[in-house]
$ cat model11.cif   # mmCIF, C-alpha atoms
data_structure
loop_
_atom_site.label_atom_id
_atom_site.label_comp_id
_atom_site.auth_asym_id
_atom_site.auth_seq_id
_atom_site.Cartn_x
_atom_site.Cartn_y
_atom_site.Cartn_z
CA MET A 1 88.34 90.31 145.39
CA GLU A 2 87.75 88.23 142.28
CA GLN A 3 85.56 89.88 139.65
CA ILE A 4 82.36 87.97 138.96
CA ASN A 5 81.42 87.84 135.30
CA PHE A 6 77.84 87.56 134.15
CA PRO A 7 77.64 86.26 130.56
CA ILE A 8 75.50 88.29 128.16
CA THR A 9 73.02 85.39 128.00
CA ASN A 10 72.28 86.00 131.69
CA TRP A 11 71.67 89.71 131.24
CA HIS A 12 68.25 91.31 131.08
CA GLU A 13 67.05 91.24 127.49
CA ASP A 14 67.27 95.05 127.20
CA ASP A 15 70.98 94.88 128.05
CA ARG A 16 71.93 92.29 125.42
CA PRO A 17 73.42 94.09 122.38
CA ARG A 18 71.73 91.95 119.70
CA GLU A 19 68.36 92.01 121.39
CA LYS A 20 68.74 95.68 122.17
CA LEU A 21 69.38 96.42 118.51
CA MET A 22 66.30 94.44 117.47
CA LEU A 23 64.05 96.06 120.06
CA LYS A 24 65.29 99.65 120.06
CA GLY A 25 67.28 100.14 116.85
CA LYS A 26 70.98 100.40 116.09
CA SER A 27 71.32 104.08 116.99
CA VAL A 28 70.81 103.47 120.72
CA LEU A 29 73.76 101.07 121.01
CA SER A 30 77.09 102.32 122.28
CA ASP A 31 80.26 101.76 120.25
CA ALA A 32 81.25 98.99 122.67
CA GLU A 33 77.90 97.24 122.23
CA LEU A 34 78.22 97.35 118.44
CA ILE A 35 81.71 95.87 118.61
CA ALA A 36 80.42 93.24 121.04
CA ILE A 37 77.95 92.12 118.37
CA LEU A 38 80.86 91.75 115.94
CA ILE A 39 82.99 89.60 118.23
CA GLY A 40 80.09 87.60 119.68
CA SER A 41 81.80 86.57 122.91
CA GLY A 42 84.38 87.82 125.35
CA SER A 43 87.05 86.08 127.37
CA ARG A 44 86.74 83.83 130.41
CA ASN A 45 86.61 86.79 132.78
CA GLU A 46 84.97 89.43 130.59
CA SER A 47 81.77 89.71 128.62
CA ALA A 48 81.92 90.75 124.98
CA VAL A 49 80.84 94.26 125.97
CA GLN A 50 83.49 94.54 128.68
CA LEU A 51 86.17 93.32 126.27
CA SER A 52 84.97 95.81 123.66
CA GLN A 53 85.11 98.62 126.22
CA LYS A 54 88.70 97.66 127.02
CA ILE A 55 89.67 97.72 123.34
CA LEU A 56 88.03 101.11 122.84
CA SER A 57 89.67 102.48 125.98
CA SER A 58 93.08 101.60 124.57
CA VAL A 59 92.50 104.08 121.73
CA ASP A 60 90.77 106.72 123.87
CA ASN A 61 87.38 105.64 122.49
CA ASN A 62 88.37 106.94 119.04
CA LEU A 63 86.96 104.83 116.19
CA ASN A 64 89.38 106.33 113.67
CA ALA A 65 92.28 105.22 115.85
CA LEU A 66 90.69 101.80 116.29
CA GLY A 67 90.48 101.45 112.51
CA LYS A 68 94.25 101.88 112.29
CA LEU A 69 95.03 98.93 114.57
CA THR A 70 96.46 95.94 112.75
CA ILE A 71 95.12 92.41 113.06
CA LYS A 72 98.15 91.58 115.18
CA GLN A 73 97.52 94.51 117.53
CA LEU A 74 93.87 93.55 117.98
CA MET A 75 94.88 89.98 118.76
CA GLU A 76 96.96 91.22 121.69
CA PHE A 77 93.71 91.55 123.66
CA LYS A 78 92.84 88.37 125.54
CA GLY A 79 89.72 86.94 123.96
CA ILE A 80 90.39 88.36 120.48
CA GLY A 81 91.56 85.71 118.07
CA GLU A 82 92.28 86.08 114.38
CA ALA A 83 88.64 85.68 113.29
CA LYS A 84 87.37 88.33 115.71
CA ALA A 85 90.19 90.71 114.83
CA ILE A 86 89.38 90.33 111.14
CA SER A 87 85.69 90.99 111.82
CA ILE A 88 86.52 94.25 113.62
CA ALA A 89 88.93 95.37 110.90
CA ALA A 90 86.47 94.52 108.13
CA ALA A 91 83.60 96.38 109.79
CA LEU A 92 85.68 99.53 110.30
CA GLU A 93 86.92 99.40 106.71
CA LEU A 94 83.33 99.22 105.50
CA GLY A 95 82.58 102.28 107.61
CA ARG A 96 85.52 104.12 106.06
CA ARG A 97 84.37 103.22 102.54
CA ARG A 98 80.84 104.34 103.33
CA ARG A 99 82.17 107.72 104.39
CA ALA A 100 84.11 107.94 101.12
CA GLU A 101 80.99 107.18 99.08
CA GLU A 102 78.93 109.71 101.01
CA ALA A 103 81.59 112.32 100.36
CA LEU A 104 81.46 111.66 96.64
CA GLU A 105 77.81 112.68 96.61
CA LEU A 106 79.10 116.22 97.09
CA LYS A 107 80.11 116.64 93.47
CA LYS A 108 80.23 120.40 92.98
CA ILE A 109 83.33 122.10 94.34
CA THR A 110 82.61 125.51 95.82
CA SER A 111 85.40 125.66 98.40
CA SER A 112 88.53 123.92 99.62
CA LYS A 113 86.42 122.37 102.37
CA ASN A 114 84.55 120.40 99.69
CA VAL A 115 87.86 118.94 98.54
CA PHE A 116 88.70 117.95 102.12
CA GLU A 117 85.30 116.27 102.56
CA ILE A 118 85.85 114.22 99.40
CA MET A 119 89.48 113.29 99.93
CA GLN A 120 89.88 112.92 103.71
CA PRO A 121 88.12 109.54 103.87
CA ILE A 122 90.34 108.32 101.04
CA ILE A 123 93.80 109.57 102.00
CA GLY A 124 93.50 111.40 105.32
CA GLU A 125 94.42 108.43 107.50
CA LEU A 126 97.06 106.73 105.36
CA ALA A 127 100.54 106.05 106.73
CA TYR A 128 102.16 106.97 103.40
CA GLU A 129 101.70 109.77 100.88
CA GLU A 130 99.35 109.57 97.91
CA PHE A 131 98.85 112.22 95.23
CA TRP A 132 95.36 112.52 93.72
CA LEU A 133 93.66 114.51 90.99
CA LEU A 134 90.10 115.78 90.86
CA PHE A 135 88.92 116.49 87.31
CA LEU A 136 86.18 119.11 86.96
CA ASN A 137 83.84 120.27 84.20
CA ASN A 138 82.71 123.81 83.36
CA SER A 139 80.33 123.80 86.33
CA ASN A 140 83.09 122.85 88.76
CA LYS A 141 81.51 119.43 89.20
CA VAL A 142 83.80 116.46 89.79
CA ILE A 143 83.61 114.22 86.73
CA ALA A 144 86.43 111.90 87.81
CA LYS A 145 89.08 111.42 90.43
CA SER A 146 92.33 109.54 90.05
CA GLN A 147 95.31 108.47 92.11
CA LEU A 148 98.40 109.81 90.40
CA SER A 149 101.01 108.17 92.59
CA LYS A 150 101.81 106.86 96.03
CA GLY A 151 105.06 106.80 97.89
CA GLY A 152 106.65 106.60 101.30
CA LEU A 153 106.33 108.47 104.54
CA THR A 154 107.78 111.71 103.21
CA GLY A 155 106.92 112.02 99.55
CA THR A 156 105.64 110.72 96.26
CA VAL A 157 106.64 111.06 92.62
CA VAL A 158 104.55 113.35 90.39
CA ASP A 159 104.65 113.07 86.58
CA ILE A 160 103.18 116.21 85.01
CA ARG A 161 102.67 114.52 81.65
CA VAL A 162 100.45 111.87 83.21
CA ILE A 163 98.31 114.55 84.87
CA PHE A 164 97.34 116.28 81.64
CA LYS A 165 97.03 113.08 79.64
CA ALA A 166 94.41 111.98 82.17
CA ALA A 167 92.76 115.42 82.03
CA PHE A 168 92.31 115.16 78.25
CA GLU A 169 91.00 111.60 78.54
CA ASN A 170 88.38 112.77 81.05
CA ASN A 171 87.48 115.92 79.06
CA ALA A 172 88.29 117.99 82.13
CA THR A 173 88.25 121.78 81.94
CA SER A 174 90.10 122.24 85.25
CA ILE A 175 91.95 120.22 87.87
CA ILE A 176 92.36 120.24 91.64
CA LEU A 177 95.44 118.61 93.16
CA ALA A 178 95.37 116.83 96.50
CA HIS A 179 97.84 114.87 98.55
CA ASN A 180 98.15 113.82 102.17
CA HIS A 181 100.75 114.43 104.85
CA PRO A 182 101.01 111.34 107.09
CA SER A 183 102.98 113.42 109.59
CA GLY A 184 99.86 115.50 110.29
CA LYS A 185 101.70 118.72 109.46
CA LEU A 186 99.65 121.00 107.23
CA ALA A 187 102.36 123.37 106.01
CA PRO A 188 103.49 122.68 102.43
CA SER A 189 107.10 121.69 101.90
CA ASP A 190 109.38 123.42 99.41
CA ALA A 191 108.91 120.40 97.14
CA ASP A 192 105.12 120.81 97.39
CA LYS A 193 105.41 124.45 96.34
CA GLN A 194 107.78 123.70 93.47
CA ILE A 195 105.71 120.93 91.93
CA THR A 196 102.53 122.98 92.32
CA THR A 197 104.11 125.87 90.40
CA LYS A 198 105.25 123.52 87.61
CA ILE A 199 101.84 121.90 87.26
CA LYS A 200 100.06 125.26 87.37
CA THR A 201 102.33 126.66 84.63
CA ALA A 202 101.73 123.60 82.45
CA GLY A 203 97.98 123.95 82.99
CA GLN A 204 98.05 127.58 81.86
CA GLN A 205 99.84 126.60 78.67
CA LEU A 206 97.33 123.83 77.94
CA ASP A 207 94.30 125.91 78.97
CA ILE A 208 93.42 123.49 81.76
CA PRO A 209 93.77 125.60 84.91
CA ILE A 210 94.79 124.18 88.28
CA LEU A 211 92.21 125.61 90.68
CA ASP A 212 93.81 124.52 93.95
CA HIS A 213 96.22 122.17 95.64
CA VAL A 214 94.91 120.85 98.94
CA ILE A 215 97.05 119.09 101.53
CA ILE A 216 95.01 116.62 103.56
CA THR A 217 95.63 115.29 107.05
CA GLU A 218 93.42 113.26 109.36
CA ASN A 219 91.93 116.31 111.04
CA GLY A 220 92.52 119.26 108.74
CA TYR A 221 93.66 120.64 105.42
CA PHE A 222 95.78 123.35 103.80
CA SER A 223 94.61 125.08 100.62
CA PHE A 224 97.12 126.80 98.33
CA ALA A 225 94.29 128.89 96.87
CA ASP A 226 92.93 129.96 100.28
CA GLU A 227 96.39 130.99 101.44
CA GLY A 228 97.02 133.03 98.28
CA ILE A 229 99.96 130.90 97.15
CA PHE A 230 98.33 130.35 93.76
#
$ encode --input "model11.cif" --output "structure tokens"
Amino acid sequence: MEQINFPITNWHEDDRPREKLMLKGKSVLSDAELIAILIGSGSRNESAVQLSQKILSSVDNNLNALGKLTIKQLMEFKGIGEAKAISIAAALELGRRRRAEEALELKKITSSKNVFEIMQPIIGELAYEEFWLLFLNNSNKVIAKSQLSKGGLTGTVVDIRVIFKAAFENNATSIILAHNHPSGKLAPSDADKQITTKIKTAGQQLDIPILDHVIITENGYFSFADEGIF
């Protein structure tokens, strides 16, 4: 039996995403309804909401997973052209950046979890490794953060001289190291342990202690300090 499609314009006003947002507020809309507003229209046989539900279903209704889809992957859905795919990607990137800015409001570091909350939105979902530095003052407040390097799927190059040059430039009294594991594995590699020891030793000599090294993944973190490796 052929599915009968009722365009959004024929729906009751309460069921139209745009009108629903205006009447009831954005918080009452489902993820699919919000995406439907972004794309504006569906395909010949699907409304914008139905198409959005199909897209979400393909990633198990996970917005983080949806944000990782490329423009090309989004365009594989019938009814999603380049312009609509770009709109979805842009909206999700704005959401990611908002999360990063909200995390930066938490400036004082009191635990490794604070480091995760700051850095996960920045590097937790990347497909390649990045090594970052958090520079702290005497009150353990973050006065600056900096990307030290980025590399491939399995590693990145770390220059110890650059770390402490940046620390002096930022008048930092201590440093926290952070990098991501795209594989999702939290356990530090031998290379992670070796470079951490070298940086920590250099920090002791320069009187700029390394307080922690935190490995970040999409859903968790590993703290050298918490695990007593420091």
$ closest_atom_pairs --input "model11.cif" --of "segment 59-178 of chain A" --to "segment 190-199 of chain A" --cutoff "10 Å" --atoms "all atoms listed in the file" --output "tab-separated table"
residue	atom	partner	partner_atom	distance
A:Gly155	CA	A:Ala191	CA	8.9
A:Val157	CA	A:Ile195	CA	9.9
A:Val158	CA	A:Ile195	CA	7.8
A:Asp159	CA	A:Ile199	CA	9.3
A:Ile160	CA	A:Ile199	CA	6.3
A:Arg161	CA	A:Ile199	CA	9.3
A:Ile163	CA	A:Ile199	CA	8.5
A:Phe164	CA	A:Ile199	CA	9.1
A:Leu177	CA	A:Thr196	CA	8.4
$ resolve_selection --input "model11.cif" --expression "the PyMOL selection byres ((chain A and resi 122) around 9)" --output "PyMOL selection string"
chain A and resi 96-97+99-100+118-121+123-126
$ resolve_selection --input "model11.cif" --expression "the PyMOL selection byres ((chain A and resi 18) around 9)" --output "JSON, numbers by chain"
{"A": [15, 16, 17, 19, 20, 21, 22, 23, 33, 34, 36, 37]}
$ write_last_selection --input "model11.cif" --atoms "C-alpha atoms" --output "PDB file, in the frame of the given file"
ATOM      1  CA  ASP A  15      70.980  94.880 128.050  1.00  0.00           C
ATOM      2  CA  ARG A  16      71.930  92.290 125.420  1.00  0.00           C
ATOM      3  CA  PRO A  17      73.420  94.090 122.380  1.00  0.00           C
ATOM      4  CA  GLU A  19      68.360  92.010 121.390  1.00  0.00           C
ATOM      5  CA  LYS A  20      68.740  95.680 122.170  1.00  0.00           C
ATOM      6  CA  LEU A  21      69.380  96.420 118.510  1.00  0.00           C
ATOM      7  CA  MET A  22      66.300  94.440 117.470  1.00  0.00           C
ATOM      8  CA  LEU A  23      64.050  96.060 120.060  1.00  0.00           C
ATOM      9  CA  GLU A  33      77.900  97.240 122.230  1.00  0.00           C
ATOM     10  CA  LEU A  34      78.220  97.350 118.440  1.00  0.00           C
ATOM     11  CA  ALA A  36      80.420  93.240 121.040  1.00  0.00           C
ATOM     12  CA  ILE A  37      77.950  92.120 118.370  1.00  0.00           C
TER      13      ILE A  37
END
$ atom_distance --input "model11.cif" --atom1 "atom CA of Thr110 of chain A" --atom2 "atom CA of Thr173 of chain A"
15.4 Å
$ residues_around --input "model11.cif" --residues "segment 65-73 of chain A" --least-positions-apart "3" --cutoff "9 Å" --atoms "only C-alpha atoms" --output "list in words"
Ile55, Leu56, Ser58, Val59, Asp60, Asn61, Asn62, Glu76, Phe77, Glu82, Ala85, Ile86, Ile88, Ala89, Ala91, Leu92, Glu93, Arg96, Glu125 and Leu126 of chain A
$ decode --input "model11.cif" --residues "segment 205-219 of chain A" --atoms "N, CA, C and O atoms" --output "CSV table (one decimal), in the first residue's frame"
chain,number,residue,atom,x,y,z
A,205,GLN,N,62.7,21.2,36.6
A,205,GLN,CA,63.9,22.0,36.5
A,205,GLN,C,63.7,23.5,36.3
A,205,GLN,O,64.4,24.3,36.8
A,206,LEU,N,62.5,23.8,35.6
A,206,LEU,CA,62.2,25.2,35.4
A,206,LEU,C,61.2,25.8,36.4
A,206,LEU,O,60.8,26.9,36.2
A,207,ASP,N,60.9,25.0,37.4
A,207,ASP,CA,59.9,25.4,38.4
A,207,ASP,C,58.6,25.8,37.8
A,207,ASP,O,57.9,26.7,38.3
A,208,ILE,N,58.2,25.0,36.8
A,208,ILE,CA,56.8,25.1,36.3
A,208,ILE,C,56.3,23.7,36.3
A,208,ILE,O,56.4,22.9,35.3
A,209,PRO,N,55.6,23.3,37.4
A,209,PRO,CA,55.2,21.9,37.5
A,209,PRO,C,54.1,21.5,36.5
A,209,PRO,O,53.3,22.3,36.1
A,210,ILE,N,54.2,20.2,36.1
A,210,ILE,CA,53.1,19.6,35.3
A,210,ILE,C,52.2,18.9,36.2
A,210,ILE,O,52.5,18.0,36.9
A,211,LEU,N,50.9,19.5,36.4
A,211,LEU,CA,50.0,18.9,37.3
A,211,LEU,C,49.3,17.6,36.9
A,211,LEU,O,49.0,16.8,37.8
A,212,ASP,N,49.1,17.5,35.6
A,212,ASP,CA,48.4,16.3,35.2
A,212,ASP,C,48.6,16.1,33.7
A,212,ASP,O,49.0,17.1,33.0
A,213,HIS,N,48.4,15.0,33.2
A,213,HIS,CA,48.3,14.7,31.7
A,213,HIS,C,47.0,13.9,31.6
A,213,HIS,O,46.8,12.8,32.1
A,214,VAL,N,46.0,14.5,30.8
A,214,VAL,CA,44.7,13.9,30.7
A,214,VAL,C,44.5,13.4,29.2
A,214,VAL,O,44.6,14.2,28.3
A,215,ILE,N,44.2,12.2,29.1
A,215,ILE,CA,43.8,11.6,27.8
A,215,ILE,C,42.3,11.7,27.6
A,215,ILE,O,41.6,11.2,28.4
A,216,ILE,N,41.9,12.3,26.5
A,216,ILE,CA,40.5,12.6,26.2
A,216,ILE,C,40.0,11.7,25.1
A,216,ILE,O,40.6,11.5,24.1
A,217,THR,N,38.8,11.1,25.3
A,217,THR,CA,38.1,10.4,24.3
A,217,THR,C,36.7,11.0,24.2
A,217,THR,O,36.3,11.9,25.0
A,218,GLU,N,35.9,10.5,23.3
A,218,GLU,CA,34.5,11.1,23.2
A,218,GLU,C,33.7,10.9,24.4
A,218,GLU,O,32.9,11.8,24.8
A,219,ASN,N,33.9,9.8,25.1
A,219,ASN,CA,33.0,9.5,26.3
A,219,ASN,C,33.7,9.4,27.6
A,219,ASN,O,33.0,9.1,28.6
